[in-house]
Amino acid sequence: MSLPRRHFLALSTGTALVAATAGRAEATESTRYRWRNVEIVGGGFVTGIIHHPRKRGLVYARTDIGGAARFDNRTQRWVQLLHWLGWDEWNWTGVESLALDPADPDRLYLAVGTYTSDWAPSNAAILISTDQGRSFRRTDLPFKLGGNEPGRSMGERLVVDPRDGRVLFLGTRGHGLWRSADRGRSWARVDSFPATGTAGIGIGFVFFDPRNGTVYAGVADPAAGLYRSTDSGRTWAPVPGQPTGLLPHHGELGADGNIYLTYGDRPGPYEMYDGAVHKLDTATGRWTDITPLRPNTGGEAGFGYAGLATDPRRPGTVMVSTMSRWGPVDDIFRSVDGGSTWHSIAERIELDTSGAPYLNFHGTPKLGWMIGDISIDPFDSDKVLYVTGATIFGTDDVTEAEAGRSTHWSVRAQGLEETAVLDLISPPWGPPLISALGDIGVYRHDRLDVVPPDGQASNPVSGTSPSLDYAALSPGFVVRLANAGAGEHGAYSTDAGVSWQPFLGEPAGLTQTGQIAVSADARTLLWAPGDVPPHYSRDRGTTWTIVDNLPVNSAVVGDRVDARLFYAFDPATGTAYASTNGGATFSVTATGLPTGAGKLETVLDRAGHCWLAAGAGGLYRSVDRGLTFLPVATIEEAHTVGFGKAARGRSDMAVYTSGKVSGVRGIFRSDDSGRSWVRVNDDRHQYAWTGAAITGDPRVYGRVYISTNGFGIPYGEPV
């Protein structure tokens with residue numbers, strides 16, 4: 001990481017624009033950009049949600065790859081707090097835990113770190129804010145965290161001592177328990193803590209009893225899952241009489257003096273086959289099994305328990321959620337008598353998904369899956385929020401459940417955009433944007449500020465979708481690919497994504513999805529799966545023929561003007577290819593290009609113009625039908641390339657890239673075919689990794705859409 005230890009990250013509202021001309025970076029105010037998100041709402045796993053106990057309306061949410069957010073009561077939308085993370089800081093987009101100071105509503109602590117693997121580029125960090133996340137100081141940690149790993153909805157691993165705000169504890173994944181005595185500025189391992197927990201999961205939560213300062217820690221250990229310290233963390237021991245055989249997921253002290261805990265046999269979120277809910281009477285030490293519904297009954301495959309909330313205004317009121325109850329469906333149970341009796345929320349619910357119609361998945365909407373956390377408003381017992389693998393749901397009338405009446409729930413994730421964006425197209429006709437996303441499929445965006453009302457593309461409904469393309473000279477023709485089962489990988493549309501028809505065939509033997517390209521006239525489809533040779537089809541995907549002389553791992557693209565012309569690039573050898581017969585055969589056209597990465601894009605209004613984004617190898621341009629590719633010397637790195645409407649008085653389309661110019665990373669635009677560049681984002685809007693896709697808008701000059709891995713689809717426009 002390039003930032004020094006405990007660096008101050010001031011999230012100013014100013015726009016820093018960098019122009020690169022004559023090999024130098026310059027600040028300029030000639031172009032200022034406004035950045036917003038295309039409205040999808042949610043789209044990823046929200047792993048935790050917390051109300052501040054003493055500040056009405058102050059709520060935070062954390063996610064597995066999409067940062068953390070604060071709820072804005074004025075706009076009724078979430079405000080993302082980590083859009084400032086840069087390219088090299090992508091491993092901090094996963095928030096393992098968050099902590100609030102009960103005595104100071106302005107203080108916020110985030111434990112950030114997405115992966116613990118060796119290939120993750122950085123250790124974890126604690127981000128410290130004294131202004132509710134508007135700015136942060138950072139303390140680096142000597143280990144990694146796993147905000148996108150199993151057990152990520154356990155929590156909270158990070159906690160502030162309610163009796164002394166200087167003291168924090170952090171439970172880690174295999175590195176024991178850590179303590180800070182100076183508000184997170186420095187940390188030391190608590191050597192007296194006797195357990196590290198299951199490898200890779202570790203200590204799932206820590207919390208205090210504010211009445212006497214007792215500290216509790218939940219450990220992923222089926223033999224002894226709950227430890228406590230009665231001397232401020234100096235010594236620890238397992239809590240006597242506790243249940244064994246399962247892993248604690250959440251633990252919380254209720255207003256009735258009982259500690260409530262949810263358990264599963266695995267850390268979740270994808271698999272649990274057994275689970276339970278228990279409570280501990282802290283006055284007597286008595287444990288009681290209060291499980292609402294036994295797993296492995298009624299022919300079900302089994303499930304566990306994860307989400308947990310108690311009501312500080314109503315002693316004995318507790319809510320818990322099942323996890324991995326894939327059939328029939330996960331549920332939330334509510335008790336007002338300390339778990340003696342329970343009400344199923346799913347049995348009487350009115351669920352409104354109009355705030356994010358894709359949640360219907362073209363079927364009957366459900367409570368959700370991966371319900372990892374629940375939070376009851378400490379100032380209003382009727383209000384509850386819970387998180388899922390795709391959104392946040394909330395209600396304002398949960399107490400109706402006690403009377404046997406329906407409770408009303410709706411999407412409450414507005415402003416929280418958490419999709420992983422894999423491909424983007426902005427055709428010269430139809431909607432301004434069509435997107436291909438991880439997990440939740442393909443979307444047609446008729447308006448950028450309105451959630452797509454028809455939800456995701458169907459026929460077939462798909463999950464992760466890595467590739468899109470359009471036929472520039474055949475209005476309405478779009479193709480898409482999805483990671484799916486046999487016969488459901490591909491589909492085409494003749495009405496710009498309003499409706500779809502599946503391919504009736506696919507290349508024999510494919511197990512990967514890869515990339516698809518279409519000719520300008522829509523007569524040829526070229527599919528490069530990545531594990532079998534590229535194939536082409538001239539009957540809209542019914543039959544497929546192997547392409548001659550093209551490597552398996554080639555990137556492919558069609559010319560936007562000449563329907564006979566296709567281009568390809570082999571990143572393993574740095575070799576460019578071209579086809580002049582509609583993709584049937586390819587010939588080598590250029591060699592000696594950079595290896596390791598390569599994305600191709602062609603220019604909407606120029607036959608024979610093809611650009612290659614070669615990552616750290618730079619940017620290359622061909623204007624002779626792919627026969628030669630010349631380096632664009634004004635840019636050092638180019639991870640994506642796309643085109644948009646030309647500037648006034650210019651004949652060449654604007655070029656966009658996520659790259660590096662004069663040592664500065666950012667999103668850049670060139671109005672003169674790469675002779676000079678302007679940085680159009682700023683340090684407040686970096687969005688971590690932006691290397692999958694980019695496109696300008698061919699109908700709106702200056703507008704650019706970018707991909708992120710967890711921050712949705714940001715788009716920028718000149719102010």
# chains A, B, ... in the order shown; residues from 1 in each chain; ligands from 1

$ residues_around --residues "Thr47 in chain A" --least-positions-apart "6" --cutoff "7 Å" --atoms "only C-alpha atoms" --output "list in words"
Arg62, Thr63, Asp64, Arg152, Ser153, Gly372, Asp373 and Val387 of chain A

$ residues_around --residues "Arg179 in chain A" --least-positions-apart "4" --cutoff "6 Å" --atoms "only C-alpha atoms" --output "number ranges by chain"
A: 168-169, 187-188

$ residues_around --residues "Ala401 in chain A" --least-positions-apart "2" --cutoff "9 Å" --atoms "only C-alpha atoms" --output "ChimeraX atom specification"
/A:334,343-345,348,397-399,403-407

$ write_last_selection --atoms "all heavy atoms" --output "mmCIF file, in the first residue's frame"
data_model
loop_
_atom_site.group_PDB
_atom_site.id
_atom_site.type_symbol
_atom_site.label_atom_id
_atom_site.label_comp_id
_atom_site.auth_asym_id
_atom_site.auth_seq_id
_atom_site.Cartn_x
_atom_site.Cartn_y
_atom_site.Cartn_z
ATOM 1 N N ARG A 334 -39.742 -14.404 15.889
ATOM 2 C CA ARG A 334 -39.798 -13.326 16.882
ATOM 3 C C ARG A 334 -40.460 -13.846 18.158
ATOM 4 O O ARG A 334 -41.487 -14.533 18.111
ATOM 5 C CB ARG A 334 -40.585 -12.147 16.320
ATOM 6 C CG ARG A 334 -40.784 -10.982 17.297
ATOM 7 C CD ARG A 334 -41.510 -9.832 16.609
ATOM 8 N NE ARG A 334 -41.973 -8.812 17.546
ATOM 9 C CZ ARG A 334 -41.249 -7.777 17.954
ATOM 10 N NH1 ARG A 334 -40.022 -7.622 17.497
ATOM 11 N NH2 ARG A 334 -41.734 -6.899 18.812
ATOM 12 N N HIS A 343 -43.063 -16.446 16.986
ATOM 13 C CA HIS A 343 -43.915 -16.180 15.831
ATOM 14 C C HIS A 343 -43.048 -16.220 14.574
ATOM 15 O O HIS A 343 -41.968 -15.619 14.538
ATOM 16 C CB HIS A 343 -44.565 -14.794 15.923
ATOM 17 C CG HIS A 343 -45.361 -14.560 17.161
ATOM 18 N ND1 HIS A 343 -46.650 -15.026 17.316
ATOM 19 C CD2 HIS A 343 -45.053 -13.914 18.318
ATOM 20 C CE1 HIS A 343 -47.098 -14.668 18.503
ATOM 21 N NE2 HIS A 343 -46.152 -13.995 19.135
ATOM 22 N N SER A 344 -43.533 -16.913 13.551
ATOM 23 C CA SER A 344 -42.849 -16.918 12.262
ATOM 24 C C SER A 344 -43.246 -15.665 11.482
ATOM 25 O O SER A 344 -44.432 -15.432 11.233
ATOM 26 C CB SER A 344 -43.226 -18.164 11.457
ATOM 27 O OG SER A 344 -42.908 -17.988 10.085
ATOM 28 N N ILE A 345 -42.265 -14.862 11.093
ATOM 29 C CA ILE A 345 -42.560 -13.680 10.283
ATOM 30 C C ILE A 345 -43.035 -14.090 8.891
ATOM 31 O O ILE A 345 -43.921 -13.457 8.307
ATOM 32 C CB ILE A 345 -41.311 -12.776 10.189
ATOM 33 C CG1 ILE A 345 -40.963 -12.217 11.575
ATOM 34 C CG2 ILE A 345 -41.523 -11.644 9.198
ATOM 35 C CD1 ILE A 345 -42.016 -11.331 12.191
ATOM 36 N N ARG A 348 -46.977 -14.767 8.086
ATOM 37 C CA ARG A 348 -47.898 -13.648 7.848
ATOM 38 C C ARG A 348 -47.070 -12.424 7.484
ATOM 39 O O ARG A 348 -46.687 -11.647 8.350
ATOM 40 C CB ARG A 348 -48.763 -13.367 9.083
ATOM 41 C CG ARG A 348 -49.738 -14.474 9.436
ATOM 42 C CD ARG A 348 -50.606 -14.072 10.630
ATOM 43 N NE ARG A 348 -51.588 -15.086 10.958
ATOM 44 C CZ ARG A 348 -51.350 -16.105 11.794
ATOM 45 N NH1 ARG A 348 -50.168 -16.209 12.366
ATOM 46 N NH2 ARG A 348 -52.296 -17.002 12.056
ATOM 47 N N ASP A 397 -43.861 -2.035 11.381
ATOM 48 C CA ASP A 397 -44.977 -2.541 12.185
ATOM 49 C C ASP A 397 -44.734 -3.971 12.667
ATOM 50 O O ASP A 397 -45.641 -4.797 12.679
ATOM 51 C CB ASP A 397 -46.290 -2.453 11.399
ATOM 52 C CG ASP A 397 -46.322 -3.323 10.153
ATOM 53 O OD1 ASP A 397 -45.323 -4.024 9.868
ATOM 54 O OD2 ASP A 397 -47.350 -3.306 9.448
ATOM 55 N N VAL A 398 -43.534 -4.275 13.097
ATOM 56 C CA VAL A 398 -43.227 -5.651 13.454
ATOM 57 C C VAL A 398 -44.030 -6.133 14.650
ATOM 58 O O VAL A 398 -44.285 -7.345 14.798
ATOM 59 C CB VAL A 398 -41.714 -5.814 13.717
ATOM 60 C CG1 VAL A 398 -41.317 -5.225 15.056
ATOM 61 C CG2 VAL A 398 -41.290 -7.272 13.627
ATOM 62 N N THR A 399 -44.482 -5.234 15.519
ATOM 63 C CA THR A 399 -45.221 -5.671 16.701
ATOM 64 C C THR A 399 -46.594 -6.225 16.353
ATOM 65 O O THR A 399 -47.251 -6.834 17.204
ATOM 66 C CB THR A 399 -45.374 -4.525 17.717
ATOM 67 O OG1 THR A 399 -46.053 -3.432 17.102
ATOM 68 C CG2 THR A 399 -44.013 -4.065 18.222
ATOM 69 N N ALA A 403 -49.943 -9.902 17.620
ATOM 70 C CA ALA A 403 -51.406 -9.984 17.560
ATOM 71 C C ALA A 403 -51.878 -10.957 16.489
ATOM 72 O O ALA A 403 -53.081 -11.056 16.231
ATOM 73 C CB ALA A 403 -51.987 -8.597 17.290
ATOM 74 N N GLY A 404 -50.919 -11.649 15.855
ATOM 75 C CA GLY A 404 -51.287 -12.598 14.817
ATOM 76 C C GLY A 404 -51.614 -11.947 13.488
ATOM 77 O O GLY A 404 -52.198 -12.589 12.617
ATOM 78 N N ARG A 405 -51.261 -10.684 13.344
ATOM 79 C CA ARG A 405 -51.536 -9.981 12.086
ATOM 80 C C ARG A 405 -50.279 -9.925 11.217
ATOM 81 O O ARG A 405 -49.162 -10.120 11.691
ATOM 82 C CB ARG A 405 -52.055 -8.576 12.374
ATOM 83 C CG ARG A 405 -53.426 -8.554 13.055
ATOM 84 C CD ARG A 405 -53.969 -7.133 13.141
ATOM 85 N NE ARG A 405 -53.276 -6.341 14.149
ATOM 86 C CZ ARG A 405 -53.666 -6.216 15.409
ATOM 87 N NH1 ARG A 405 -54.764 -6.855 15.832
ATOM 88 N NH2 ARG A 405 -52.990 -5.466 16.267
ATOM 89 N N SER A 406 -50.473 -9.615 9.955
ATOM 90 C CA SER A 406 -49.360 -9.529 9.013
ATOM 91 C C SER A 406 -48.464 -8.346 9.347
ATOM 92 O O SER A 406 -48.927 -7.298 9.829
ATOM 93 C CB SER A 406 -49.879 -9.381 7.578
ATOM 94 O OG SER A 406 -50.575 -10.529 7.169
ATOM 95 N N THR A 407 -47.187 -8.531 9.087
ATOM 96 C CA THR A 407 -46.247 -7.414 9.140
ATOM 97 C C THR A 407 -45.877 -7.041 7.708
ATOM 98 O O THR A 407 -45.914 -7.876 6.801
ATOM 99 C CB THR A 407 -44.990 -7.791 9.934
ATOM 100 O OG1 THR A 407 -44.400 -8.965 9.375
ATOM 101 C CG2 THR A 407 -45.349 -8.045 11.385
#

$ closest_residue --among "A:Ala486, A:Pro292, A:Gly497, A:Ile713" --to "Pro431 in chain A" --atoms "only C-alpha atoms"
A:Gly497

$ closest_residue --among "A:Leu127, A:Val603, A:Ile290, A:Leu510" --to "Pro427 in chain A" --atoms "only C-alpha atoms"
A:Val603

$ atom_distance --atom1 "CA of Glu271 in chain A" --atom2 "CA of Ser117 in chain A"
20.8 Å

$ residues_around --residues "Phe503 in chain A" --least-positions-apart "3" --cutoff "7 Å" --atoms "only C-alpha atoms" --output "ChimeraX atom specification"
/A:490-491,540-542

$ write_last_selection --atoms "N, CA, C and O atoms" --output "PDB file, in the first residue's frame"
ATOM      1  N   GLY A 490     -26.431 -18.767 -23.291  1.00  0.00           N
ATOM      2  CA  GLY A 490     -26.517 -17.608 -24.165  1.00  0.00           C
ATOM      3  C   GLY A 490     -27.932 -17.275 -24.574  1.00  0.00           C
ATOM      4  O   GLY A 490     -28.834 -18.118 -24.577  1.00  0.00           O
ATOM      5  N   ALA A 491     -28.140 -16.000 -24.952  1.00  0.00           N
ATOM      6  CA  ALA A 491     -29.441 -15.537 -25.429  1.00  0.00           C
ATOM      7  C   ALA A 491     -29.228 -14.299 -26.283  1.00  0.00           C
ATOM      8  O   ALA A 491     -28.212 -13.611 -26.176  1.00  0.00           O
ATOM      9  N   ARG A 540     -28.157 -17.506 -35.316  1.00  0.00           N
ATOM     10  CA  ARG A 540     -28.542 -16.972 -34.006  1.00  0.00           C
ATOM     11  C   ARG A 540     -28.420 -17.998 -32.884  1.00  0.00           C
ATOM     12  O   ARG A 540     -29.257 -18.071 -31.982  1.00  0.00           O
ATOM     13  N   GLY A 541     -27.361 -18.787 -32.973  1.00  0.00           N
ATOM     14  CA  GLY A 541     -27.021 -19.652 -31.857  1.00  0.00           C
ATOM     15  C   GLY A 541     -27.589 -21.044 -31.915  1.00  0.00           C
ATOM     16  O   GLY A 541     -27.463 -21.788 -30.945  1.00  0.00           O
ATOM     17  N   THR A 542     -28.183 -21.420 -33.035  1.00  0.00           N
ATOM     18  CA  THR A 542     -28.707 -22.790 -33.134  1.00  0.00           C
ATOM     19  C   THR A 542     -27.590 -23.785 -33.382  1.00  0.00           C
ATOM     20  O   THR A 542     -27.517 -24.838 -32.738  1.00  0.00           O
TER      21      THR A 542
END

$ decode --residues "range 692-719 of chain A" --atoms "N, CA, C and O atoms" --output "PDB file, in the first residue's frame"
ATOM      1  N   ALA A 692     -12.829  -4.159 -15.231  1.00  0.00           N
ATOM      2  CA  ALA A 692     -13.580  -5.121 -16.042  1.00  0.00           C
ATOM      3  C   ALA A 692     -14.133  -4.513 -17.318  1.00  0.00           C
ATOM      4  O   ALA A 692     -14.060  -5.127 -18.386  1.00  0.00           O
ATOM      5  N   ALA A 693     -14.722  -3.316 -17.239  1.00  0.00           N
ATOM      6  CA  ALA A 693     -15.389  -2.758 -18.422  1.00  0.00           C
ATOM      7  C   ALA A 693     -15.534  -1.254 -18.271  1.00  0.00           C
ATOM      8  O   ALA A 693     -15.579  -0.720 -17.159  1.00  0.00           O
ATOM      9  N   ILE A 694     -15.624  -0.578 -19.410  1.00  0.00           N
ATOM     10  CA  ILE A 694     -15.897   0.853 -19.446  1.00  0.00           C
ATOM     11  C   ILE A 694     -16.567   1.157 -20.776  1.00  0.00           C
ATOM     12  O   ILE A 694     -16.312   0.482 -21.779  1.00  0.00           O
ATOM     13  N   THR A 695     -17.450   2.132 -20.803  1.00  0.00           N
ATOM     14  CA  THR A 695     -18.004   2.609 -22.067  1.00  0.00           C
ATOM     15  C   THR A 695     -18.445   4.051 -21.918  1.00  0.00           C
ATOM     16  O   THR A 695     -18.953   4.453 -20.870  1.00  0.00           O
ATOM     17  N   GLY A 696     -18.207   4.804 -22.955  1.00  0.00           N
ATOM     18  CA  GLY A 696     -18.832   6.108 -23.047  1.00  0.00           C
ATOM     19  C   GLY A 696     -20.252   5.954 -23.546  1.00  0.00           C
ATOM     20  O   GLY A 696     -20.720   4.849 -23.852  1.00  0.00           O
ATOM     21  N   ASP A 697     -20.954   7.076 -23.637  1.00  0.00           N
ATOM     22  CA  ASP A 697     -22.314   7.072 -24.169  1.00  0.00           C
ATOM     23  C   ASP A 697     -22.272   7.699 -25.561  1.00  0.00           C
ATOM     24  O   ASP A 697     -21.852   8.852 -25.703  1.00  0.00           O
ATOM     25  N   PRO A 698     -22.659   6.978 -26.613  1.00  0.00           N
ATOM     26  CA  PRO A 698     -22.559   7.525 -27.969  1.00  0.00           C
ATOM     27  C   PRO A 698     -23.535   8.662 -28.243  1.00  0.00           C
ATOM     28  O   PRO A 698     -23.431   9.318 -29.284  1.00  0.00           O
ATOM     29  N   ARG A 699     -24.461   8.917 -27.297  1.00  0.00           N
ATOM     30  CA  ARG A 699     -25.445   9.975 -27.516  1.00  0.00           C
ATOM     31  C   ARG A 699     -25.280  11.164 -26.579  1.00  0.00           C
ATOM     32  O   ARG A 699     -25.941  12.183 -26.753  1.00  0.00           O
ATOM     33  N   VAL A 700     -24.409  11.020 -25.575  1.00  0.00           N
ATOM     34  CA  VAL A 700     -24.202  12.101 -24.609  1.00  0.00           C
ATOM     35  C   VAL A 700     -22.704  12.305 -24.442  1.00  0.00           C
ATOM     36  O   VAL A 700     -22.007  11.445 -23.877  1.00  0.00           O
ATOM     37  N   TYR A 701     -22.204  13.441 -24.899  1.00  0.00           N
ATOM     38  CA  TYR A 701     -20.770  13.687 -24.791  1.00  0.00           C
ATOM     39  C   TYR A 701     -20.348  13.780 -23.321  1.00  0.00           C
ATOM     40  O   TYR A 701     -21.011  14.407 -22.489  1.00  0.00           O
ATOM     41  N   GLY A 702     -19.231  13.141 -23.028  1.00  0.00           N
ATOM     42  CA  GLY A 702     -18.640  13.217 -21.702  1.00  0.00           C
ATOM     43  C   GLY A 702     -19.136  12.187 -20.720  1.00  0.00           C
ATOM     44  O   GLY A 702     -18.483  11.947 -19.706  1.00  0.00           O
ATOM     45  N   ARG A 703     -20.288  11.587 -20.980  1.00  0.00           N
ATOM     46  CA  ARG A 703     -20.806  10.592 -20.037  1.00  0.00           C
ATOM     47  C   ARG A 703     -20.031   9.287 -20.180  1.00  0.00           C
ATOM     48  O   ARG A 703     -19.826   8.788 -21.278  1.00  0.00           O
ATOM     49  N   VAL A 704     -19.635   8.728 -19.041  1.00  0.00           N
ATOM     50  CA  VAL A 704     -18.885   7.486 -19.031  1.00  0.00           C
ATOM     51  C   VAL A 704     -19.439   6.584 -17.933  1.00  0.00           C
ATOM     52  O   VAL A 704     -19.764   7.038 -16.839  1.00  0.00           O
ATOM     53  N   TYR A 705     -19.561   5.304 -18.261  1.00  0.00           N
ATOM     54  CA  TYR A 705     -20.010   4.289 -17.319  1.00  0.00           C
ATOM     55  C   TYR A 705     -18.823   3.387 -17.008  1.00  0.00           C
ATOM     56  O   TYR A 705     -18.101   2.954 -17.916  1.00  0.00           O
ATOM     57  N   ILE A 706     -18.618   3.075 -15.720  1.00  0.00           N
ATOM     58  CA  ILE A 706     -17.480   2.239 -15.351  1.00  0.00           C
ATOM     59  C   ILE A 706     -17.946   1.041 -14.527  1.00  0.00           C
ATOM     60  O   ILE A 706     -18.995   1.065 -13.879  1.00  0.00           O
ATOM     61  N   SER A 707     -17.139   0.000 -14.571  1.00  0.00           N
ATOM     62  CA  SER A 707     -17.396  -1.198 -13.781  1.00  0.00           C
ATOM     63  C   SER A 707     -16.687  -1.095 -12.443  1.00  0.00           C
ATOM     64  O   SER A 707     -15.652  -0.439 -12.312  1.00  0.00           O
ATOM     65  N   THR A 708     -17.248  -1.746 -11.444  1.00  0.00           N
ATOM     66  CA  THR A 708     -16.588  -1.910 -10.155  1.00  0.00           C
ATOM     67  C   THR A 708     -16.808  -3.338  -9.686  1.00  0.00           C
ATOM     68  O   THR A 708     -17.652  -4.060 -10.223  1.00  0.00           O
ATOM     69  N   ASN A 709     -16.071  -3.729  -8.677  1.00  0.00           N
ATOM     70  CA  ASN A 709     -16.269  -5.050  -8.086  1.00  0.00           C
ATOM     71  C   ASN A 709     -16.902  -4.907  -6.711  1.00  0.00           C
ATOM     72  O   ASN A 709     -16.314  -5.234  -5.689  1.00  0.00           O
ATOM     73  N   GLY A 710     -18.138  -4.379  -6.690  1.00  0.00           N
ATOM     74  CA  GLY A 710     -18.855  -4.257  -5.426  1.00  0.00           C
ATOM     75  C   GLY A 710     -19.443  -2.897  -5.154  1.00  0.00           C
ATOM     76  O   GLY A 710     -20.175  -2.725  -4.184  1.00  0.00           O
ATOM     77  N   PHE A 711     -19.174  -1.904  -6.013  1.00  0.00           N
ATOM     78  CA  PHE A 711     -19.739  -0.571  -5.853  1.00  0.00           C
ATOM     79  C   PHE A 711     -20.741  -0.241  -6.960  1.00  0.00           C
ATOM     80  O   PHE A 711     -21.044   0.931  -7.200  1.00  0.00           O
ATOM     81  N   GLY A 712     -21.265  -1.253  -7.648  1.00  0.00           N
ATOM     82  CA  GLY A 712     -22.267  -1.015  -8.677  1.00  0.00           C
ATOM     83  C   GLY A 712     -21.693  -0.370  -9.920  1.00  0.00           C
ATOM     84  O   GLY A 712     -20.520  -0.576 -10.270  1.00  0.00           O
ATOM     85  N   ILE A 713     -22.541   0.413 -10.608  1.00  0.00           N
ATOM     86  CA  ILE A 713     -22.159   1.060 -11.863  1.00  0.00           C
ATOM     87  C   ILE A 713     -22.109   2.563 -11.644  1.00  0.00           C
ATOM     88  O   ILE A 713     -23.121   3.260 -11.767  1.00  0.00           O
ATOM     89  N   PRO A 714     -20.961   3.122 -11.331  1.00  0.00           N
ATOM     90  CA  PRO A 714     -20.859   4.578 -11.285  1.00  0.00           C
ATOM     91  C   PRO A 714     -20.853   5.140 -12.711  1.00  0.00           C
ATOM     92  O   PRO A 714     -20.329   4.524 -13.636  1.00  0.00           O
ATOM     93  N   TYR A 715     -21.423   6.308 -12.866  1.00  0.00           N
ATOM     94  CA  TYR A 715     -21.287   7.011 -14.135  1.00  0.00           C
ATOM     95  C   TYR A 715     -21.003   8.477 -13.857  1.00  0.00           C
ATOM     96  O   TYR A 715     -21.484   9.054 -12.872  1.00  0.00           O
ATOM     97  N   GLY A 716     -20.186   9.050 -14.712  1.00  0.00           N
ATOM     98  CA  GLY A 716     -19.788  10.431 -14.550  1.00  0.00           C
ATOM     99  C   GLY A 716     -20.211  11.265 -15.735  1.00  0.00           C
ATOM    100  O   GLY A 716     -20.250  10.784 -16.876  1.00  0.00           O
ATOM    101  N   GLU A 717     -20.535  12.526 -15.452  1.00  0.00           N
ATOM    102  CA  GLU A 717     -20.915  13.473 -16.490  1.00  0.00           C
ATOM    103  C   GLU A 717     -20.273  14.818 -16.200  1.00  0.00           C
ATOM    104  O   GLU A 717     -20.163  15.215 -15.035  1.00  0.00           O
ATOM    105  N   PRO A 718     -19.866  15.537 -17.233  1.00  0.00           N
ATOM    106  CA  PRO A 718     -19.328  16.881 -16.996  1.00  0.00           C
ATOM    107  C   PRO A 718     -20.373  17.769 -16.335  1.00  0.00           C
ATOM    108  O   PRO A 718     -21.553  17.713 -16.668  1.00  0.00           O
ATOM    109  N   VAL A 719     -19.922  18.568 -15.380  1.00  0.00           N
ATOM    110  CA  VAL A 719     -20.826  19.496 -14.714  1.00  0.00           C
ATOM    111  C   VAL A 719     -21.066  20.675 -15.637  1.00  0.00           C
ATOM    112  O   VAL A 719     -20.117  21.324 -16.082  1.00  0.00           O
TER     113      VAL A 719
END
